[in-house]
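Novice: Questions regarding the structure given below will be posed in turn.
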Amino acid sequence: MFAVQFRRDWLSLMRSRDEAINPLVFLFLATTLFAIAFGGDARRLAGLAPAIIWVLVLLANLLSLEALFKRDFEDGTLEQLLLLAEPPFAAVLGKVAVQWCVSGAAMTILAPAAALLLNMPIAALPALMLGLLLGTPALSLIGAVGAALTVGLRSGGVLLALLLLPLYLPVLVFGVSAVLDRMAGVGTTAQFYWLAAISVAALTLAPFAATAALRISVEQS
Amino acid sequence: MFAVQFRRDWLSLMRSRDEAINPLVFLFLATTLFAIAFGGDARRLAGLAPAIIWVLVLLANLLSLEALFKRDFEDGTLEQLLLLAEPPFAAVLGKVAVQWCVSGAAMTILAPAAALLLNMPIAALPALMLGLLLGTPALSLIGAVGAALTVGLRSGGVLLALLLLPLYLPVLVFGVSAVLDRMAGVGTTAQFYWLAAISVAALTLAPFAATAALRISVEQS
Amino acid sequence: MMFEDWQAFIAMGGHGLYVWMAYSAAVALLIANLTGLGVERCRTRRHLQAQLRSRTEEGLDASEAP
Amino acid sequence: MTFRQFWHRLGSPKWFYQMSGPWQSAFAILAVLLLVTGMAWGLAFAPPDYQQGNSFRIIYVHVPAAILAQSVYVALGAAGVLLLVWRMKMAQLVLENLVGFGAWMTALALFSGAVWGKPTWGTWWVFDGRTTSTLVLLFLYFGLYALRRAIPAREAAGRACALLAVVGVINIPVIKYSVEWWTTLHQGATFKLTEAPAMPASMWAPLLVNVVGAYCLFAANLVAKLRTAILRQERGAAWVREWAAGEGRP
Amino acid sequence: MPPLLTMTDLACTRGGRRLLDGFDLTLGAGGCTEVRGANGSGKSTLLRIAAGLFADYSGAVEAAPRHYLGHRNGVSALLSPLENLKLYERPGGHSVREALTRVGLQDALNAPSGQLSQGQQRRVGLARLLLGDKPLWLLDEPLTALDADGRRLVRELVEAHCHRGGAVLCATHQPLGCSASEVHLRV
Amino acid sequence: MPPLLTMTDLACTRGGRRLLDGFDLTLGAGGCTEVRGANGSGKSTLLRIAAGLFADYSGAVEAAPRHYLGHRNGVSALLSPLENLKLYERPGGHSVREALTRVGLQDALNAPSGQLSQGQQRRVGLARLLLGDKPLWLLDEPLTALDADGRRLVRELVEAHCHRGGAVLCATHQPLGCSASEVHLRV
Ligand code: HEM
Ligand SMILES: Nc1ncnc2c1ncn2[C@@H]1O[C@H](COP(=O)(O)OP(=O)(O)OP(=O)(O)O)[C@@H](O)[C@H]1O
Ligand SMILES: Nc1ncnc2c1ncn2[C@@H]1O[C@H](COP(=O)(O)OP(=O)(O)OP(=O)(O)O)[C@@H](O)[C@H]1O
Ligand SMILES: [Mg+2]
Ligand SMILES: [Mg+2]
């Protein structure tokens with residue numbers, strides 16, 4: 001079920017390739033905006049770059065999560081999924097996996113380029129990438145719960161942000177501090193362990209929570 | 001027609017009050033995230049605060065623009081509007097005005113609070129507010145054209161961003177430099193004239209362009 | 001009593017502004033909270049009684065009877 | 001009465017309503033007595049701190065508020081579990097009615113902390129572990145409130161909030177740990193909260209009184225809000241109509 | 001009197017299929033034409049062309065001011081039926097309240113339209129036809145989701161409109177039940 | 001043999017109106033029941049309750065594994081009919097291609113579903129019923145947007161399903177045309 005759903009969502013993302021690169025475009029546009037808006041201060045940026053990149057990754061993730069279940073909800077596919085998928089949570093996990101591929105994974109690969117725009121030292125890039133690799137699954141998974149809760153609601157977008165940002169905080173903090181520590185030459189293993197632990201915990205719990213949340217959303221409409 | 005459409009959109013925003021405060025919530029959440037992520041560096045922020053606030057205002061605007069025509073497009077109200085409103089561009093202007101009230105105007109009033117979170121000096125707040133007041137109408141109006149062009153497209157969100165950010169750039173640059181100049185004690189009148197000029201130009205052209213764009217979008221579906 | 005006179009009590013050794021701000025917020029919240037509870041209770045009671053009256057006037061609405 | 005019966009009854013609004021009448025006033029009176037005593041004691045009779053002087057007295061407001069802020073959220077999480085797993089009707093009422101109280105307490109903790117920060121730290125606000133996690137707690141409350149407001153159907157809103165509350169409770173320790181650890185790593189100990197293990201009894205006794213008082217306030221709120229909510233929810237039931245006709249008459 | 005709708009030598013290709021080819025249609029005052037045809041034969045496309053909501057065709061179309069009721073009702077879920085139709089009210093014509101009463105929604109004036117049943121939402125769409133007084137009505141399966149009473153209502157509305165000198169072009173799979181000419185589309 | 005759908009003492013209030021009250025229904029193998037009633041009388045609500053997609057009711061519902069075809073087709077606009085239904089294919093049952101051929105979509109297997117006409121999209125929804133072999137079918141106005149040929153198709157599908165020992169609960173304003181008992185909802 002996971003694989004079938006994964007293939008399905010992957011296909012429909014590929015049908016509208018623009019949507020697939022949304023989070024990336026957002027990341028780069030916003031980074032560019034910041035670089036332009038900071039103007040001459042660019043040199044002072046280096047120390048702030050990890051924070052900016054991570055916050056933007058969070059926001060990009062949020063934006064792409066909003067669409068995660070929306071279309072399926074609106075055209076009635078979601079109710080069919082809850083009725084017919086065996087088991088539904090595997091299908092939900094499939095959807096989240098696709099979302100992670102185009103947000104988390106893609107941003108992990110391309111964040112270094114954005115970081116360079118903000119003058120981040122090259123030596124710190126591996127820490128940034130590893131942090132993103134370990135942390136973004138948690139973002140997608142926890143985010144899926146929020147997206148599932150808000151999918152039927154008109155106020156979707158920013159209610160989602162309100163719900164999720166507090167939950168994203170630990171990932172943000174560990175992610176940023178890993179990069180900063182690397183820049184300062186301090187050991188960074190602990191942060192990576194934490195990020196991995198959060199992601200694993202999210203992986204075991206979030207699919208069920210998201211499915212339950214989807215059921216709540218569907219039952220209202 | 002303007003007034004009727006304004007009242008209508010206003011009502012439907014008030015029905016889902018949460019959506020109305022979306023841009024504000026976004027602004028504050030993102031500001032808080034930045035403040036947290038910068039952590040101890042907060043003191044160094046002051047010089048960067050104008051840029052951060054303006055970039056976030058831009059992004060908040062983008063996000064709320066995406067929804068501007070979407071619902072009406074999907075439930076068929078938009079085609080009725082194009083067929084029956086007399087003249088359609090007045091109705092479109094009504095919609096944009098409501099969007100501006102909850103994004104531009106609201107953020108103008110509350111941006112100072114966000115700025116304080118980032119340690120911006122109080123003396124610079126009037127420049128920030130005046131800049132937002134003069135600049136945000138242009139953002140909403142130009143944005144409406146982009147939103148109208150992309151409303152029927154699946155890739156909506158970030159295609160919109162891609163289209164609009166280059167157009168938003170002058171507003172961003174003048175807005176930020178006005179605040180920075182004020183902080184540096186330099187005169188800032190020129191920037192404000194420019195912002196006002198852009199907004200006035202947008203006001204005279206954008207409603208027609210947006211209506212034409214909507215017609216294109218509707219004729220495709 | 002740790003203070004010589006009222007003046008000193010109000011001044012709090014120079015920290016009066018902060019101490020009194022914190023305490024007044026706390027007291028205001030306490031009062032607002034407790035009166036809020038009472039008001040809510042009265043309103044509910046009035047509401048229920050109004051409902052009861054309109055019911056007995058119209059005769060019991062069969063569809064809403066438990 | 002076996003535990004099973006008790007459990008079952010606790011889930012029954014009617015039983016709770018009929019039992020809880022005396023509890024409500026008891027808790028409210030106790031709360032007022034304790035809090036007034038504790039505050040007066042803290043304000044006027046406790047000794048000033050040898051370092052912070054009289055600004056230290058804010059502790060008697062700040063710590064109880066901060067403790068309640070967290071306790072209420074944990075209670076919401078527990079109610080969430082009860083609602084999701086056992087579909088307990090009362091848990092939904094708890095979820096619906098306690099969010100505001102918790103949010104206000106969090107706000108008070110933030111406010112009193114900020115007010116305390118100005119004389120001690122020299123600034124209203126600084127992003128350190130506890131301040132940040134308290135701020136985030138406030139956001140969690142906002143989230144619960146907004147989610148409930150956004151969902152029109154009451155039953156669904158209850159379950160959605162329950163889910164969110166549970167997820168939030170799981171996250172709170174992680175949030176706390178992450179920020180605490182992060183700022184102590186990067187910010188040094190300049191702004192560490194003063195810890196006074198050797199605090200004399202004359203200092204901590206009023207604090208204890210206030211903390212117990214705060215919990216009484218919590219209980220009074222819980223009971224009172226549940227009672228009105230029960231009346232509203234069960235307004236069609238015979239016993240409520242009897243109540244409105246008899247005892248409830250002014 | 002000039003016809004209210006003239007379509008001359010219309011041709012249209014969608015998704016690689018030739019839907020219309022040399023299609024001609026004239027609809028004068030008082031005329032009611034039902035467009036019939038199998039699923040996917042191009043009825044909705046024809047109506048959108050007539051409404052001016054679809055541009056990718058060749059040929060000439062001239063249409064009087066018109067109402068279009070498509071597959072979608074054009075009803076905002078958040079607004080009540082009253083608020084929804086306010087925009088289309090014109091001085092001198094029916095009031096929104098009258099129109100909604102006519103379609104049997106007098107008891108659901110103020111609930112958010114999203115909470116109405118499918119048939120009730122369709123009726124809100126129908127009520128719009130009574131506002132603004134357009135001579136040409138373009139109806140795309142107006143009977144969808146309507147009960148027997150609703151179907152009668154549509155027939156009466158259409159008859160009254162034709163009687164007043166209006167014209168109706170209606171795509172439908174079930175006959176409306178009023179005297180109407182038929183056009184068949186074949187792919 | 002136990003019934004496929006049992007609803008006991010069902011009651012439901014929506015938007016302040018009592019829709020169902022002490023409603024009972026039993027549907028055994030081979031049974032087909034049409035739910036009739038005016039617009040807004042609660043037919044769709046009843047079907048969603050039976051499907052387990054609406055929770056705010058009191059009473060007991062027991063339902064066998066089921067297919068639900070609602071007002072919305074559950075068809076993703078971007079995916080072709082083939083891709084759309086892949087998720088519901090089960091080993092041993094019909095293949096997606098067979099199902100789509102059965103509903104007359106053999107020529108539109110690979111176009112994005114969003115480019116199909118309303119009736120064609122409805123047929124995609126109908127094709128899903130043939131996959132996964134669920135004994136209970138819950139159909140909410142299955143005839144919507146279907147042409148005469150499509151209506152016949154639905155009748156045949158329903159008859160065949162009942163014949164195989166399945167059961168069908170169908171909300172509709174037009175009779176399906178097969179032998180069915182009727183339940184009337186009144187507000
Ligand atoms: C806005 C700023 C502040 C916030 C949000 C805040 C929040 C908190 C929290 C959440 C607790 C934990 C309560 C518990 O669970 O035991 C706490 C305890 C405490 N806070 Fe604050 N605080 C702030 C500012 C301050 C300041 C400025 C001081 C004094 C310099 C201070 C002194 C204390 C003390 C002494 C405790 C008790 C310590 C303990 O028992 O562990 N706080 N605060
Ligand atoms: N989301 C909702 N919120 C509140 N009330 C609703 C909602 N959906 C439907 N209702 C109400 O429930 C009643 C029954 O709706 P339902 O859709 O079940 O009717 P129906 O019998 O299917 O009607 P139709 O024949 O028009 O499809 C209607 O009066 C409607 O106002
Ligand atoms: N957006 C679109 N893009 C490409 N092709 C389309 C689009 N919409 C419809 N078509 C094609 O145009 C043809 C006619 O569609 P149309 O909706 O006009 O049919 P219809 O006669 O209204 O059918 P129905 O009775 O099912 O409503 C169909 O074959 C369909 O595949
Ligand atoms: Mg059609
Ligand atoms: Mg229905």
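How things are named: the first chain in the structure tokens is A, the next is B, and so on; residues count from 1 in each chain; ligands count from 1 in the order shown.
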6 Å from ligand 4 is the threshold here; counting only C-alpha atoms and all ligand atoms, which polymer residues fall inside it? Answer as a PyMOL selection string.

Specialist: (chain E and resi 43-44) or (chain F and resi 117-118)

Novice: Identify, on the basis of only C-alpha atoms, every residue whose closest approach to Glu86 of chain A does not exceed 10 Å; exclude the query and any residue fewer than 6 positions from it along the same chain; express the result as number ranges by chain.

Specialist: A: 1-2; F: 87-88

Novice: Would you put the residues from that selection into a file with all heavy atoms, as a CSV table (one decimal), in the first residue's frame?

Specialist:
```
chain,number,residue,atom,x,y,z
A,1,MET,N,0.8,-1.2,0.0
A,1,MET,CA,0.0,0.0,0.0
A,1,MET,C,0.9,1.3,0.0
A,1,MET,O,0.7,2.2,-0.7
A,1,MET,CB,-0.9,0.0,1.3
A,1,MET,CG,-2.0,1.0,1.3
A,1,MET,SD,-2.9,1.2,-0.3
A,1,MET,CE,-3.8,-0.4,-0.4
A,2,PHE,N,1.9,1.2,0.8
A,2,PHE,CA,2.9,2.3,0.9
A,2,PHE,C,3.4,2.5,-0.5
A,2,PHE,O,3.4,3.7,-1.0
A,2,PHE,CB,4.0,1.9,1.8
A,2,PHE,CG,5.1,2.9,1.8
A,2,PHE,CD1,5.1,4.1,2.6
A,2,PHE,CD2,6.3,2.7,1.0
A,2,PHE,CE1,6.1,5.0,2.6
A,2,PHE,CE2,7.3,3.6,1.0
A,2,PHE,CZ,7.2,4.8,1.8
F,87,LEU,N,-4.8,2.2,-7.1
F,87,LEU,CA,-4.7,2.0,-5.6
F,87,LEU,C,-5.7,1.0,-5.1
F,87,LEU,O,-5.6,0.4,-4.0
F,87,LEU,CB,-5.0,3.4,-5.0
F,87,LEU,CG,-4.7,3.6,-3.5
F,87,LEU,CD1,-3.2,3.4,-3.2
F,87,LEU,CD2,-5.1,5.1,-3.2
F,88,TYR,N,-6.8,0.8,-5.8
F,88,TYR,CA,-7.9,0.0,-5.3
F,88,TYR,C,-8.0,-1.4,-5.9
F,88,TYR,O,-8.8,-2.2,-5.6
F,88,TYR,CB,-9.3,0.7,-5.5
F,88,TYR,CG,-9.2,2.2,-5.2
F,88,TYR,CD1,-9.3,3.2,-6.1
F,88,TYR,CD2,-9.1,2.6,-3.8
F,88,TYR,CE1,-9.2,4.5,-5.8
F,88,TYR,CE2,-9.0,3.9,-3.5
F,88,TYR,CZ,-9.1,4.9,-4.4
F,88,TYR,OH,-9.0,6.2,-4.1
```

Novice: Need the shell around Leu47 of chain F: protein/DNA/RNA residues with any atom at most 12 Å away, counting only C-alpha atoms. Skip same-chain ones fewer than 4 positions apart. Format as a PyMOL selection string?

Specialist: chain F and resi 5+7+20+25+33-36+42-43+51-55+61+63+66-71+136-141+168-172

Novice: Write out the residues from the selection above, keeping N, CA and C atoms, as an mmCIF file, in the first residue's frame.

Specialist:
```cif
data_model
loop_
_atom_site.group_PDB
_atom_site.id
_atom_site.type_symbol
_atom_site.label_atom_id
_atom_site.label_comp_id
_atom_site.auth_asym_id
_atom_site.auth_seq_id
_atom_site.Cartn_x
_atom_site.Cartn_y
_atom_site.Cartn_z
ATOM 1 N N LEU F 5 -25.969 -4.694 6.313
ATOM 2 C CA LEU F 5 -26.040 -3.365 6.917
ATOM 3 C C LEU F 5 -27.188 -3.351 7.910
ATOM 4 N N MET F 7 -28.875 -0.715 10.728
ATOM 5 C CA MET F 7 -28.889 0.570 11.420
ATOM 6 C C MET F 7 -30.029 0.522 12.420
ATOM 7 N N LEU F 20 -32.683 12.528 11.156
ATOM 8 C CA LEU F 20 -33.108 11.155 11.353
ATOM 9 C C LEU F 20 -33.549 11.038 12.792
ATOM 10 N N LEU F 25 -32.943 0.301 9.771
ATOM 11 C CA LEU F 25 -32.808 -0.241 8.422
ATOM 12 C C LEU F 25 -31.985 -1.516 8.492
ATOM 13 N N THR F 33 -31.941 -1.127 -1.778
ATOM 14 C CA THR F 33 -32.875 -0.164 -1.213
ATOM 15 C C THR F 33 -32.572 1.223 -1.749
ATOM 16 N N GLU F 34 -33.603 1.866 -2.248
ATOM 17 C CA GLU F 34 -33.441 3.247 -2.701
ATOM 18 C C GLU F 34 -33.891 4.192 -1.591
ATOM 19 N N VAL F 35 -33.068 5.153 -1.272
ATOM 20 C CA VAL F 35 -33.440 6.167 -0.289
ATOM 21 C C VAL F 35 -33.981 7.359 -1.047
ATOM 22 N N ARG F 36 -35.202 7.722 -0.769
ATOM 23 C CA ARG F 36 -35.818 8.859 -1.455
ATOM 24 C C ARG F 36 -36.084 9.944 -0.436
ATOM 25 N N GLY F 42 -31.706 14.526 4.166
ATOM 26 C CA GLY F 42 -30.725 13.756 4.918
ATOM 27 C C GLY F 42 -30.277 12.467 4.251
ATOM 28 N N LYS F 43 -30.506 12.330 2.971
ATOM 29 C CA LYS F 43 -30.097 11.107 2.273
ATOM 30 C C LYS F 43 -28.573 10.955 2.288
ATOM 31 N N ALA F 51 -21.390 4.635 5.688
ATOM 32 C CA ALA F 51 -20.024 4.426 5.199
ATOM 33 C C ALA F 51 -18.990 4.591 6.302
ATOM 34 N N GLY F 52 -19.413 5.159 7.440
ATOM 35 C CA GLY F 52 -18.446 5.441 8.495
ATOM 36 C C GLY F 52 -17.708 6.733 8.247
ATOM 37 N N LEU F 53 -18.302 7.628 7.461
ATOM 38 C CA LEU F 53 -17.642 8.900 7.158
ATOM 39 C C LEU F 53 -18.318 10.069 7.838
ATOM 40 N N PHE F 54 -19.258 9.761 8.705
ATOM 41 C CA PHE F 54 -19.886 10.841 9.463
ATOM 42 C C PHE F 54 -20.156 10.297 10.848
ATOM 43 N N ALA F 55 -19.703 11.014 11.860
ATOM 44 C CA ALA F 55 -19.674 10.400 13.181
ATOM 45 C C ALA F 55 -20.662 11.004 14.164
ATOM 46 N N VAL F 61 -24.746 1.325 14.239
ATOM 47 C CA VAL F 61 -24.597 1.006 12.822
ATOM 48 C C VAL F 61 -23.606 -0.132 12.683
ATOM 49 N N ALA F 63 -21.882 -2.345 9.533
ATOM 50 C CA ALA F 63 -21.843 -2.440 8.077
ATOM 51 C C ALA F 63 -20.723 -3.366 7.645
ATOM 52 N N ARG F 66 -17.319 -2.120 2.518
ATOM 53 C CA ARG F 66 -18.216 -1.393 1.622
ATOM 54 C C ARG F 66 -17.490 -0.471 0.659
ATOM 55 N N HIS F 67 -18.186 -0.188 -0.426
ATOM 56 C CA HIS F 67 -17.797 0.872 -1.342
ATOM 57 C C HIS F 67 -18.729 2.049 -1.134
ATOM 58 N N TYR F 68 -18.184 3.244 -1.214
ATOM 59 C CA TYR F 68 -19.016 4.443 -1.098
ATOM 60 C C TYR F 68 -18.744 5.327 -2.302
ATOM 61 N N LEU F 69 -19.794 5.668 -3.008
ATOM 62 C CA LEU F 69 -19.641 6.637 -4.101
ATOM 63 C C LEU F 69 -20.482 7.846 -3.742
ATOM 64 N N GLY F 70 -19.815 8.920 -3.401
ATOM 65 C CA GLY F 70 -20.527 10.089 -2.897
ATOM 66 C C GLY F 70 -20.834 11.092 -3.989
ATOM 67 N N HIS F 71 -21.207 12.298 -3.565
ATOM 68 C CA HIS F 71 -21.399 13.364 -4.540
ATOM 69 C C HIS F 71 -20.100 13.606 -5.293
ATOM 70 N N LEU F 136 -21.037 -4.540 0.254
ATOM 71 C CA LEU F 136 -22.036 -3.476 0.419
ATOM 72 C C LEU F 136 -21.663 -2.252 -0.423
ATOM 73 N N TRP F 137 -22.595 -1.795 -1.239
ATOM 74 C CA TRP F 137 -22.374 -0.580 -2.027
ATOM 75 C C TRP F 137 -23.268 0.533 -1.507
ATOM 76 N N LEU F 138 -22.661 1.684 -1.293
ATOM 77 C CA LEU F 138 -23.432 2.852 -0.864
ATOM 78 C C LEU F 138 -23.305 3.898 -1.959
ATOM 79 N N LEU F 139 -24.390 4.166 -2.652
ATOM 80 C CA LEU F 139 -24.314 5.043 -3.822
ATOM 81 C C LEU F 139 -25.135 6.307 -3.595
ATOM 82 N N ASP F 140 -24.500 7.447 -3.704
ATOM 83 C CA ASP F 140 -25.210 8.714 -3.517
ATOM 84 C C ASP F 140 -25.458 9.344 -4.888
ATOM 85 N N GLU F 141 -26.674 9.267 -5.338
ATOM 86 C CA GLU F 141 -27.071 9.779 -6.654
ATOM 87 C C GLU F 141 -26.093 9.347 -7.741
ATOM 88 N N VAL F 168 -27.115 -3.132 -1.960
ATOM 89 C CA VAL F 168 -26.929 -1.770 -2.436
ATOM 90 C C VAL F 168 -27.875 -0.832 -1.700
ATOM 91 N N LEU F 169 -27.299 0.229 -1.150
ATOM 92 C CA LEU F 169 -28.131 1.294 -0.594
ATOM 93 C C LEU F 169 -27.860 2.519 -1.454
ATOM 94 N N CYS F 170 -28.909 3.079 -2.019
ATOM 95 C CA CYS F 170 -28.709 4.090 -3.045
ATOM 96 C C CYS F 170 -29.628 5.279 -2.801
ATOM 97 N N ALA F 171 -29.049 6.457 -2.649
ATOM 98 C CA ALA F 171 -29.856 7.671 -2.530
ATOM 99 C C ALA F 171 -30.035 8.224 -3.929
ATOM 100 N N THR F 172 -31.255 8.461 -4.308
ATOM 101 C CA THR F 172 -31.447 8.943 -5.683
ATOM 102 C C THR F 172 -32.773 9.662 -5.820
#
```

Novice: Here is a test: counting only C-alpha atoms, which residue of D:Ala44, D:Gly21, D:Ser12, D:Arg154 is nearest to Phe3 of chain C?

Specialist: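 The closest residue to Phe3 of chain C is D:Ala44.
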
Novice: With only C-alpha atoms as the basis for distance, which of D:Gly53, D:Pro152, D:Gly100, D:Gly11 is at the shortest distance from chain B?

Specialist: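 Selected residue with least distance to chain B: D:Pro152.
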
Novice: Which of segment 20-143 of chain E end up as strand (DSSP E or B) when DSSP is run on this backbone - answer as a ChimeraX atom specification?

Specialist: /E:20-27,32-37,58-63,66-69,136-140

Novice: Could you write out the selected residues, including C-alpha atoms, as a PDB file, in the first residue's frame?

Specialist:
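Contents of selection.pdb, freshly written:
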```pdb
ATOM      1  CA  LEU E  20     -18.030  20.540 -32.763  1.00  0.00           C
ATOM      2  CA  ASP E  21     -17.669  20.876 -36.473  1.00  0.00           C
ATOM      3  CA  GLY E  22     -19.574  23.350 -38.572  1.00  0.00           C
ATOM      4  CA  PHE E  23     -22.111  23.724 -35.806  1.00  0.00           C
ATOM      5  CA  ASP E  24     -24.851  26.315 -36.305  1.00  0.00           C
ATOM      6  CA  LEU E  25     -27.499  27.429 -33.897  1.00  0.00           C
ATOM      7  CA  THR E  26     -29.909  30.321 -33.690  1.00  0.00           C
ATOM      8  CA  LEU E  27     -32.067  30.971 -30.711  1.00  0.00           C
ATOM      9  CA  CYS E  32     -35.975  26.872 -25.628  1.00  0.00           C
ATOM     10  CA  THR E  33     -33.448  24.392 -26.953  1.00  0.00           C
ATOM     11  CA  GLU E  34     -32.242  21.290 -25.209  1.00  0.00           C
ATOM     12  CA  VAL E  35     -28.760  20.087 -26.059  1.00  0.00           C
ATOM     13  CA  ARG E  36     -28.573  16.318 -25.867  1.00  0.00           C
ATOM     14  CA  GLY E  37     -25.695  13.957 -26.389  1.00  0.00           C
ATOM     15  CA  SER E  58     -13.326  28.820 -34.348  1.00  0.00           C
ATOM     16  CA  GLY E  59     -16.479  30.305 -35.781  1.00  0.00           C
ATOM     17  CA  ALA E  60     -18.712  33.198 -34.794  1.00  0.00           C
ATOM     18  CA  VAL E  61     -20.789  33.550 -31.666  1.00  0.00           C
ATOM     19  CA  GLU E  62     -23.117  36.361 -30.813  1.00  0.00           C
ATOM     20  CA  ALA E  63     -24.999  36.278 -27.570  1.00  0.00           C
ATOM     21  CA  ARG E  66     -26.844  36.065 -20.347  1.00  0.00           C
ATOM     22  CA  HIS E  67     -26.961  33.968 -17.246  1.00  0.00           C
ATOM     23  CA  TYR E  68     -24.825  30.845 -17.092  1.00  0.00           C
ATOM     24  CA  LEU E  69     -25.445  28.035 -14.624  1.00  0.00           C
ATOM     25  CA  LEU E 136     -30.496  34.479 -22.448  1.00  0.00           C
ATOM     26  CA  TRP E 137     -30.144  31.596 -20.009  1.00  0.00           C
ATOM     27  CA  LEU E 138     -27.481  28.947 -20.467  1.00  0.00           C
ATOM     28  CA  LEU E 139     -28.174  25.989 -18.217  1.00  0.00           C
ATOM     29  CA  ASP E 140     -25.829  23.043 -17.869  1.00  0.00           C
TER      30      ASP E 140
END
```

Novice: Please identify every residue of chain A that has at least one atom no more than 8 Å from any atom of chain F, counting only C-alpha atoms, and report them as a ChimeraX atom specification.

Specialist: /A:1,4-5,8,11-12,15,71-72,75-80,83-85,215,218-221

Novice: Which neighbours of segment 169-184 of chain A fall inside 6 Å, counting only C-alpha atoms, when residues of the same chain fewer than 6 positions from it are skipped, and could you give them as a list in words?

Specialist: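 The contact residues come out as Pro50, Ala51, Ala124, Ala127, Leu128, Gly131, Gly135 and Gln191 of chain A; Ile175 and Ser178 of chain D.
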
Novice: Using only C-alpha atoms, determine which residues lie at most 9 Å from Leu167 of chain B, disregarding the query and same-chain residues fewer than 5 positions distant; provide the list as a list of chain:residue names.

Specialist: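 The contact residues come out as B:Leu139, B:Ile142, B:Gly143.
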
Novice: Please, what distance in Å, to one decimal, runs between atom CA of Met12 of chain C and atom CA of Pro48 of chain D?

Specialist: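 Result for atom CA of Met12 of chain C versus atom CA of Pro48 of chain D: 9.4 Å, one decimal.
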
Novice: Would you please work out which residue, of D:Ala219, D:Ser202, D:Gly77, D:Ala153, is nearest to chain E when using only C-alpha atoms?

Specialist: D:Ala153

Novice: Using only C-alpha atoms, determine which residues of chain A fall within 7 Å of chain B; present them as a ChimeraX atom specification.

Specialist: /A:16,18-19,22,25-26,33-34,37-38,48,51,55,154-155,158,173

Novice: Produce a file of the selected residues containing N, CA and C atoms, as a short mmCIF file (atom, residue, chain, number, x, y, z; two decimals), in the first residue's frame.

Specialist:
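Produced file out.cif, reproduced below:
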```
data_model
loop_
_atom_site.label_atom_id
_atom_site.label_comp_id
_atom_site.auth_asym_id
_atom_site.auth_seq_id
_atom_site.Cartn_x
_atom_site.Cartn_y
_atom_site.Cartn_z
N SER A 16 2.73 17.83 -12.41
CA SER A 16 2.82 19.29 -12.26
C SER A 16 4.17 19.57 -11.66
N ASP A 18 6.15 21.82 -11.58
CA ASP A 18 6.41 23.08 -10.87
C ASP A 18 6.14 22.94 -9.39
N GLU A 19 5.06 22.21 -9.09
CA GLU A 19 4.72 22.11 -7.69
C GLU A 19 5.79 21.35 -6.93
N ASN A 22 8.45 23.52 -5.67
CA ASN A 22 8.02 24.65 -4.86
C ASN A 22 8.92 24.95 -3.66
N VAL A 25 12.18 26.40 -4.76
CA VAL A 25 12.08 27.76 -5.27
C VAL A 25 11.91 28.73 -4.11
N PHE A 26 11.07 28.35 -3.19
CA PHE A 26 10.86 29.22 -2.03
C PHE A 26 12.17 29.46 -1.29
N LEU A 33 16.22 37.08 -1.51
CA LEU A 33 15.63 38.30 -0.96
C LEU A 33 16.42 38.78 0.24
N PHE A 34 16.73 37.83 1.13
CA PHE A 34 17.48 38.23 2.31
C PHE A 34 18.83 38.80 1.91
N ALA A 37 18.23 42.20 0.59
CA ALA A 37 17.76 43.16 1.59
C ALA A 37 18.86 43.51 2.59
N PHE A 38 19.73 42.55 2.87
CA PHE A 38 20.82 42.86 3.80
C PHE A 38 21.87 43.74 3.14
N LEU A 48 24.84 34.31 10.96
CA LEU A 48 23.40 34.16 10.99
C LEU A 48 22.90 33.15 9.96
N ALA A 51 20.96 29.94 10.96
CA ALA A 51 19.62 30.22 11.46
C ALA A 51 18.67 30.56 10.32
N VAL A 55 15.44 28.35 9.33
CA VAL A 55 14.08 28.91 9.42
C VAL A 55 13.39 28.83 8.07
N ARG A 154 -11.10 26.15 6.46
CA ARG A 154 -10.87 27.27 5.58
C ARG A 154 -9.60 28.01 5.96
N SER A 155 -9.33 28.07 7.25
CA SER A 155 -8.20 28.90 7.68
C SER A 155 -6.88 28.16 7.51
N VAL A 158 -2.35 29.26 7.82
CA VAL A 158 -1.59 29.76 8.94
C VAL A 158 -2.01 29.13 10.25
N VAL A 173 16.26 24.08 16.72
CA VAL A 173 17.33 24.38 17.67
C VAL A 173 18.52 23.43 17.49
#
```
